[in-house]
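upload13.tsv (TSV, C-alpha atoms) appears below.
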chain	number	residue	atom	x	y	z
A	245	MET	CA	-14.29	12.79	-19.00
A	246	PRO	CA	-11.72	10.73	-17.03
A	247	LEU	CA	-9.93	8.11	-19.11
A	248	LEU	CA	-10.15	5.20	-16.67
A	249	SER	CA	-13.48	4.25	-15.13
A	250	THR	CA	-13.42	1.72	-12.30
A	251	ALA	CA	-14.74	-0.96	-14.66
A	252	THR	CA	-12.11	-0.17	-17.31
A	253	LEU	CA	-9.31	-0.11	-14.74
A	254	ASP	CA	-10.34	-3.46	-13.24
A	255	ALA	CA	-10.76	-5.03	-16.67
A	256	ARG	CA	-7.35	-3.96	-17.91
A	257	LEU	CA	-5.57	-4.83	-14.68
A	258	GLY	CA	-7.26	-8.22	-14.89
A	259	GLU	CA	-5.53	-8.77	-18.22
A	260	LEU	CA	-2.07	-8.15	-16.77
A	261	PRO	CA	0.24	-11.12	-16.30
A	262	ALA	CA	0.27	-12.92	-12.98
A	263	LEU	CA	3.13	-12.33	-10.61
A	264	ALA	CA	6.28	-14.09	-11.78
A	265	PRO	CA	6.76	-17.44	-9.97
A	266	VAL	CA	9.97	-16.32	-8.25
A	267	THR	CA	8.26	-13.20	-6.91
A	268	GLY	CA	5.24	-15.16	-5.74
A	269	GLN	CA	7.46	-17.52	-3.81
A	270	LEU	CA	9.32	-14.60	-2.26
A	271	LEU	CA	6.01	-13.10	-1.22
A	272	SER	CA	5.09	-16.37	0.50
A	273	MET	CA	8.40	-16.30	2.34
A	274	LEU	CA	7.56	-12.77	3.46
A	275	GLU	CA	4.71	-14.22	5.52
A	276	ALA	CA	6.89	-16.82	7.24
A	277	ALA	CA	7.93	-16.16	10.83
A	278	ALA	CA	11.48	-17.43	10.24
A	279	VAL	CA	13.61	-16.70	7.21
A	280	ASP	CA	15.26	-19.63	5.40
A	281	ILE	CA	17.97	-17.64	3.68
A	282	GLY	CA	19.26	-20.77	1.98
A	283	ALA	CA	15.86	-21.04	0.29
A	284	VAL	CA	16.12	-17.41	-0.84
A	285	GLU	CA	19.57	-18.05	-2.32
A	286	ARG	CA	18.37	-21.16	-4.14
A	287	LEU	CA	15.30	-19.35	-5.41
A	288	ILE	CA	17.24	-16.61	-7.18
A	289	ALA	CA	20.10	-18.85	-8.30
A	290	HIS	CA	18.34	-19.14	-11.66
A	291	GLU	CA	17.65	-15.39	-11.84
A	292	PRO	CA	21.10	-13.85	-12.48
A	293	ALA	CA	19.73	-10.42	-13.38
A	294	LEU	CA	17.81	-10.30	-10.11
A	295	ALA	CA	20.78	-11.53	-8.08
A	296	GLY	CA	23.05	-8.99	-9.77
A	297	ARG	CA	20.81	-6.06	-8.92
A	298	VAL	CA	20.46	-7.20	-5.33
A	299	LEU	CA	24.23	-7.48	-4.93
A	300	ARG	CA	24.79	-4.09	-6.53
A	301	LEU	CA	22.31	-2.56	-4.10
A	302	ALA	CA	23.85	-4.39	-1.13
A	303	ASN	CA	27.25	-2.98	-2.09
A	304	SER	CA	25.99	0.60	-2.20
A	305	SER	CA	26.75	3.26	0.37
A	306	PHE	CA	23.05	3.25	1.26
A	307	PHE	CA	23.63	0.17	3.41
A	308	GLY	CA	27.15	1.16	4.42
A	309	PHE	CA	29.02	-1.81	2.88
A	310	SER	CA	30.29	-0.25	-0.33
A	311	GLY	CA	32.28	-2.80	-2.36
A	312	ARG	CA	32.53	-5.34	0.47
A	313	ILE	CA	29.86	-7.92	-0.45
A	314	GLY	CA	30.72	-10.62	-2.98
A	315	SER	CA	27.84	-13.06	-2.64
A	316	LEU	CA	24.26	-13.29	-1.45
A	317	ARG	CA	25.46	-15.25	1.56
A	318	GLU	CA	27.75	-12.37	2.53
A	319	ALA	CA	24.89	-9.95	1.95
A	320	CYS	CA	22.77	-11.94	4.38
A	321	MET	CA	25.52	-11.94	6.99
A	322	LEU	CA	26.18	-8.21	6.76
A	323	LEU	CA	22.72	-6.83	6.01
A	324	GLY	CA	20.68	-9.46	7.78
A	325	SER	CA	18.53	-12.06	6.08
A	326	ARG	CA	15.33	-10.09	6.59
A	327	THR	CA	16.65	-7.00	4.81
A	328	VAL	CA	17.95	-9.12	1.94
A	329	ARG	CA	14.59	-10.81	1.61
A	330	GLN	CA	12.82	-7.45	1.47
A	331	VAL	CA	15.19	-6.08	-1.15
A	332	VAL	CA	14.94	-9.21	-3.30
A	333	LEU	CA	11.15	-9.01	-3.22
A	334	ALA	CA	11.07	-5.32	-4.13
A	335	VAL	CA	13.59	-5.74	-6.96
A	336	ALA	CA	11.66	-8.73	-8.32
A	337	VAL	CA	8.38	-6.80	-8.34
A	338	MET	CA	9.93	-3.76	-9.98
A	339	GLN	CA	11.65	-5.90	-12.63
A	340	GLN	CA	8.25	-7.25	-13.61
A	341	LEU	CA	7.00	-3.70	-14.19
A	342	GLN	CA	9.17	-2.12	-16.89
A	343	PRO	CA	7.87	1.40	-17.55
A	344	ASP	CA	8.60	3.46	-20.64
A	345	VAL	CA	11.83	5.33	-19.82
A	346	HIS	CA	10.38	8.44	-21.47
A	347	LEU	CA	7.46	8.44	-19.04
A	348	LEU	CA	8.98	7.53	-15.71
A	349	ASP	CA	12.43	7.78	-14.18
A	350	ALA	CA	12.37	4.32	-12.58
A	351	PRO	CA	15.79	4.64	-10.86
A	352	ARG	CA	14.67	7.87	-9.21
A	353	LEU	CA	11.45	6.21	-8.09
A	354	TRP	CA	13.44	3.27	-6.72
A	355	ARG	CA	15.71	5.63	-4.75
A	356	HIS	CA	12.66	7.31	-3.26
A	357	ALA	CA	11.19	3.89	-2.43
A	358	LEU	CA	14.33	2.86	-0.56
A	359	VAL	CA	14.34	6.03	1.52
A	360	THR	CA	10.63	5.69	2.24
A	361	GLY	CA	11.09	2.07	3.31
A	362	SER	CA	14.01	2.94	5.56
A	363	ILE	CA	12.15	5.82	7.21
A	364	ALA	CA	9.04	3.66	7.64
A	365	ALA	CA	11.14	1.01	9.39
A	366	ARG	CA	12.66	3.61	11.73
A	367	LEU	CA	9.22	4.97	12.57
A	368	ALA	CA	7.94	1.44	13.21
A	369	VAL	CA	10.78	0.75	15.66
A	370	LEU	CA	10.03	4.01	17.47
A	371	LEU	CA	6.35	3.08	17.69
A	372	GLY	CA	6.91	-0.57	18.64
A	373	ASP	CA	5.50	-1.83	15.32
A	374	ASP	CA	6.79	-4.38	12.80
A	375	ALA	CA	9.79	-2.72	11.16
A	376	GLU	CA	10.17	-5.45	8.54
A	377	GLN	CA	6.60	-5.03	7.35
A	378	ALA	CA	6.96	-1.24	7.34
A	379	PHE	CA	10.15	-1.45	5.27
A	380	THR	CA	8.41	-3.63	2.67
A	381	ALA	CA	5.38	-1.35	2.49
A	382	GLY	CA	7.61	1.67	2.04
A	383	LEU	CA	9.59	-0.02	-0.70
A	384	LEU	CA	6.45	-0.92	-2.66
A	385	HIS	CA	4.17	2.04	-1.89
A	386	ASP	CA	4.46	3.57	-5.40
A	387	LEU	CA	3.68	0.32	-7.19
A	388	GLY	CA	0.79	2.10	-8.93
A	389	LYS	CA	3.10	4.61	-10.65
A	390	LEU	CA	5.14	1.79	-12.17
A	391	ALA	CA	1.99	-0.02	-13.27
A	392	LEU	CA	0.53	3.08	-14.91
A	393	ALA	CA	3.74	3.88	-16.79
A	394	ALA	CA	4.22	0.24	-17.83
A	395	TYR	CA	0.69	-0.80	-18.77
A	396	PHE	CA	-1.21	2.47	-19.36
A	397	PRO	CA	1.46	4.53	-21.17
A	398	ASP	CA	-0.88	6.59	-23.35
A	399	GLU	CA	-3.05	7.62	-20.43
A	400	TYR	CA	-0.09	8.26	-18.17
A	401	ARG	CA	1.55	10.46	-20.80
A	402	GLN	CA	-1.50	12.71	-20.63
A	403	VAL	CA	-1.23	12.76	-16.83
A	404	LEU	CA	2.37	13.96	-17.03
A	405	GLN	CA	1.48	16.60	-19.62
A	406	ARG	CA	-1.30	17.91	-17.37
A	407	HIS	CA	1.04	17.82	-14.37
A	408	ALA	CA	3.69	19.84	-16.22
A	409	ALA	CA	1.12	22.39	-17.37
A	410	ASP	CA	-0.49	22.86	-13.95
A	411	ALA	CA	2.71	22.63	-11.86
A	412	GLY	CA	0.59	21.14	-9.07
A	413	LEU	CA	0.59	17.81	-7.31
A	414	LEU	CA	0.81	14.71	-9.49
A	415	LEU	CA	-2.18	13.30	-7.59
A	416	ALA	CA	-4.39	16.11	-8.87
A	417	ALA	CA	-3.33	15.49	-12.48
A	418	GLU	CA	-3.98	11.75	-12.09
A	419	GLN	CA	-7.43	12.36	-10.66
A	420	THR	CA	-8.35	14.85	-13.39
A	421	VAL	CA	-7.09	12.80	-16.33
A	422	LEU	CA	-7.63	9.23	-15.16
A	423	GLY	CA	-10.39	9.54	-12.59
A	424	CYS	CA	-8.21	7.73	-10.06
A	425	GLU	CA	-4.78	8.02	-8.42
A	426	HIS	CA	-1.72	5.78	-8.52
A	427	GLY	CA	-2.53	4.51	-5.04
A	428	THR	CA	-5.80	3.05	-6.33
A	429	VAL	CA	-4.02	1.33	-9.21
A	430	GLY	CA	-1.33	0.00	-6.88
A	431	GLU	CA	-3.92	-1.33	-4.44
A	432	ARG	CA	-5.80	-3.20	-7.17
A	433	LEU	CA	-2.60	-4.67	-8.58
A	434	ALA	CA	-1.33	-5.67	-5.13
A	435	ARG	CA	-4.62	-7.43	-4.45
A	436	LYS	CA	-4.51	-9.18	-7.84
A	437	TRP	CA	-1.04	-10.41	-6.95
A	438	HIS	CA	-2.26	-11.62	-3.52
A	439	PHE	CA	-0.13	-9.34	-1.37
A	440	PRO	CA	-0.90	-9.48	2.38
A	441	GLU	CA	-3.93	-7.29	3.12
A	442	ALA	CA	-2.01	-4.87	5.35
A	443	LEU	CA	0.43	-4.27	2.50
A	444	VAL	CA	-2.42	-3.89	-0.02
A	445	LEU	CA	-4.00	-1.14	2.09
A	446	ALA	CA	-0.70	0.64	2.75
A	447	VAL	CA	0.03	0.76	-1.00
A	448	GLY	CA	-3.47	1.96	-1.79
A	449	ARG	CA	-3.85	4.57	0.92
A	450	HIS	CA	-0.40	6.04	1.43
A	451	HIS	CA	-1.69	9.46	0.35
A	452	HIS	CA	-5.08	9.10	2.05
A	453	PRO	CA	-4.53	6.96	5.16
A	454	GLY	CA	-7.77	5.63	6.57
A	455	GLY	CA	-6.77	4.63	10.06
A	456	ASP	CA	-4.78	1.44	9.49
A	457	ARG	CA	-1.49	1.67	11.38
A	458	LEU	CA	0.80	0.60	8.54
A	459	GLY	CA	-0.85	3.07	6.17
A	460	ASP	CA	-0.27	5.91	8.63
A	461	ILE	CA	3.41	4.97	8.99
A	462	VAL	CA	3.99	4.75	5.23
A	463	HIS	CA	2.12	8.02	4.68
A	464	LEU	CA	4.40	9.87	7.09
A	465	ALA	CA	7.51	8.13	5.71
A	466	ASP	CA	6.55	9.08	2.14
A	467	VAL	CA	6.06	12.75	3.07
A	468	LEU	CA	9.41	12.82	4.89
A	469	ALA	CA	11.21	11.08	2.01
A	470	HIS	CA	9.81	13.64	-0.44
A	471	ALA	CA	10.85	16.47	1.87
A	472	LEU	CA	14.40	15.13	2.18
A	473	GLY	CA	14.87	14.53	-1.53
A	474	HIS	CA	12.62	17.03	-3.26
A	475	ALA	CA	13.88	18.97	-6.27
A	476	ALA	CA	13.62	22.73	-6.57
A	477	GLY	CA	10.09	23.69	-7.45
A	478	ALA	CA	8.67	20.25	-6.68
A	479	GLN	CA	5.70	20.03	-4.37
A	480	ILE	CA	5.78	17.81	-1.29
A	481	PRO	CA	2.60	15.78	-0.67
A	482	PRO	CA	0.75	17.18	2.33
A	483	LEU	CA	0.88	15.42	5.68
A	484	GLN	CA	-2.59	14.40	6.82
A	485	PRO	CA	-3.12	15.75	10.39
A	486	GLU	CA	-5.33	12.79	11.31
A	487	ALA	CA	-2.56	10.31	10.47
A	488	TRP	CA	-0.02	12.29	12.51
A	489	ALA	CA	-2.41	12.42	15.47
A	490	ARG	CA	-3.13	8.68	15.31
A	491	LEU	CA	0.59	7.82	15.39
A	492	GLY	CA	1.02	9.89	18.55
A	493	LEU	CA	4.56	11.02	17.77
A	494	SER	CA	6.13	14.28	18.91
A	495	TRP	CA	8.16	16.58	16.69
A	496	ARG	CA	11.07	16.11	19.11
A	497	GLN	CA	11.03	12.34	18.47
A	498	LEU	CA	11.00	12.96	14.74
A	499	GLU	CA	13.83	15.47	15.00
A	500	ALA	CA	16.02	12.85	16.67
A	501	LEU	CA	15.67	10.63	13.58
A	502	LEU	CA	16.57	13.37	11.10
A	503	PRO	CA	20.36	12.85	10.94
A	504	GLU	CA	20.05	9.21	9.91
A	505	MET	CA	17.18	9.97	7.53
A	506	GLU	CA	19.25	12.70	5.87
A	507	ARG	CA	22.24	10.35	5.56
A	508	GLU	CA	20.12	7.67	3.89
A	509	ALA	CA	18.51	10.19	1.53
A	510	ALA	CA	21.97	11.42	0.47
A	511	ALA	CA	23.23	7.83	0.00
A	512	ALA	CA	20.15	6.92	-2.05
A	513	ALA	CA	20.72	9.91	-4.33
A	514	ARG	CA	24.08	8.38	-5.32
A	515	LEU	CA	22.68	4.96	-6.21
A	516	GLU	CA	23.03	3.79	-9.81
A	517	PHE	CA	20.89	1.13	-11.48
For the file at hand, write its structure as structure tokens.
Amino acid sequence: MPLLSTATLDARLGELPALAPVTGQLLSMLEAAAVDIGAVERLIAHEPALAGRVLRLANSSFFGFSGRIGSLREACMLLGSRTVRQVVLAVAVMQQLQPDVHLLDAPRLWRHALVTGSIAARLAVLLGDDAEQAFTAGLLHDLGKLALAAYFPDEYRQVLQRHAADAGLLLAAEQTVLGCEHGTVGERLARKWHFPEALVLAVGRHHHPGGDRLGDIVHLADVLAHALGHAAGAQIPPLQPEAWARLGLSWRQLEALLPEMEREAAAAARLEF
């Protein structure tokens, strides 16, 4: 019998702490049309650990400014205030979810999230969609994995044991052991934390896109990120043909993006946290 019924999952997620005030405020800023970067700076002035991680990330080769950024203001000038805001939000959310290091390699997940967000943004530009929103959705798409490892460690340990024994997709092990997948958990947590609805659906359906545009973009970005950074023997989540058809892209268009995607995947692999 699966370990987490819908009622049990909702009850236990309901007991989780609310989003930290700083993260909630960042999320509100995410909805604003214009970015007040001074407000972002002031907001994290009292969060030195958060500011430190953002600066370390900004100085990485992933963004191409290795060792050149000394302050958040400089980060905003070089990266752009929108990118900084996205990164601050993602780091704040992930700091709130601290998984057991024996269950989940959080730095590896974070690297994958960065690549997925970057690819999603590139796809959005190509399609004429909101690249900022796509980047955020890509960054946070695996929220459910972090939540499971942080708040359901006993159940998630059994998932990983089943996954190792079967050598199949993690999704199949989650469904067998828990009765749900990490996308479902992420969707419920994102809704509890009052994420924008488009972001909630993209987090929840990135493996099973249901026709919403952002979900289709994140689904394709996630598959590509796995393909670019997969380890030997690891399985890449399948691309849903319906999502590919809805996006209306050609393989030639995708091929043109590959050099930059490969560069970002390689840069992400070198990131340290």
Sorted by chain and rising residue number, which residues of range 438-510 of chain A lie within 12 Å of range 383-389 of chain A, and what are their closest atom pairs and distances in Å to one decimal, counting all atoms listed in the file, as CSV?
residue,atom,partner,partner_atom,distance
A:Phe439,CA,A:Leu384,CA,10.8
A:Ala442,CA,A:His385,CA,11.8
A:Leu443,CA,A:His385,CA,8.5
A:Val444,CA,A:His385,CA,9.1
A:Leu445,CA,A:His385,CA,9.6
A:Ala446,CA,A:His385,CA,6.9
A:Val447,CA,A:His385,CA,4.4
A:Gly448,CA,A:His385,CA,7.6
A:Arg449,CA,A:His385,CA,8.9
A:His450,CA,A:His385,CA,6.9
A:His451,CA,A:His385,CA,9.7
A:Leu458,CA,A:His385,CA,11.1
A:Gly459,CA,A:His385,CA,9.6
A:Ile461,CA,A:His385,CA,11.3
A:Val462,CA,A:His385,CA,7.6
A:His463,CA,A:His385,CA,9.1
A:Leu464,CA,A:His385,CA,11.9
A:Ala465,CA,A:His385,CA,10.3
A:Asp466,CA,A:His385,CA,8.5
A:Val467,CA,A:His385,CA,12.0
A:Ala469,CA,A:Leu383,CA,11.5
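Closest approach to Asp373 in chain A among A:Ala513, A:Leu468, A:Leu353, A:Leu491: A:Leu491, based on all atoms listed in the file.
CA of Phe307 in chain A sits 21.2 Å away from CA of Leu498 in chain A.
Residues lying within 6 Å of (4.9, 15.3, 2.2). Counted over only C-alpha atoms, they are Val467, Leu468, His470, Ile480, Pro481, Pro482 and Leu483 of chain A.
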Using only C-alpha atoms, the shortest atom-to-atom distance to Thr327 in chain A among A:Leu248, A:Ala264, A:Leu358, A:Leu257 belongs to A:Leu358
Within 7 Å of (17.5, 9.9, -4.3) (coordinates as in the file), grab all the protein and nucleic acid residues, counting only C-alpha atoms, and write them out as a ChimeraX atom specification. /A:352,355-356,473,509-510,512-514
Take the residues from that selection and put them in a file with C-alpha atoms, as an mmCIF file, in the frame of the given file.
data_model
loop_
_atom_site.group_PDB
_atom_site.id
_atom_site.type_symbol
_atom_site.label_atom_id
_atom_site.label_comp_id
_atom_site.auth_asym_id
_atom_site.auth_seq_id
_atom_site.Cartn_x
_atom_site.Cartn_y
_atom_site.Cartn_z
ATOM 1 C CA ARG A 352 14.670 7.870 -9.210
ATOM 2 C CA ARG A 355 15.710 5.630 -4.750
ATOM 3 C CA HIS A 356 12.660 7.310 -3.260
ATOM 4 C CA GLY A 473 14.870 14.530 -1.530
ATOM 5 C CA ALA A 509 18.510 10.190 1.530
ATOM 6 C CA ALA A 510 21.970 11.420 0.470
ATOM 7 C CA ALA A 512 20.150 6.920 -2.050
ATOM 8 C CA ALA A 513 20.720 9.910 -4.330
ATOM 9 C CA ARG A 514 24.080 8.380 -5.320
#
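Among the candidate residues A:Leu348, A:Leu370, A:Val403, A:Ile281, the one lying nearest to Ala417 in chain A is A:Val403, with distances computed using only C-alpha atoms.
With only C-alpha atoms as the atoms that count, the residue of A:Gln479, A:Ala350, A:Arg329, A:Ala434 with the shortest distance to Gly412 in chain A is A:Gln479.
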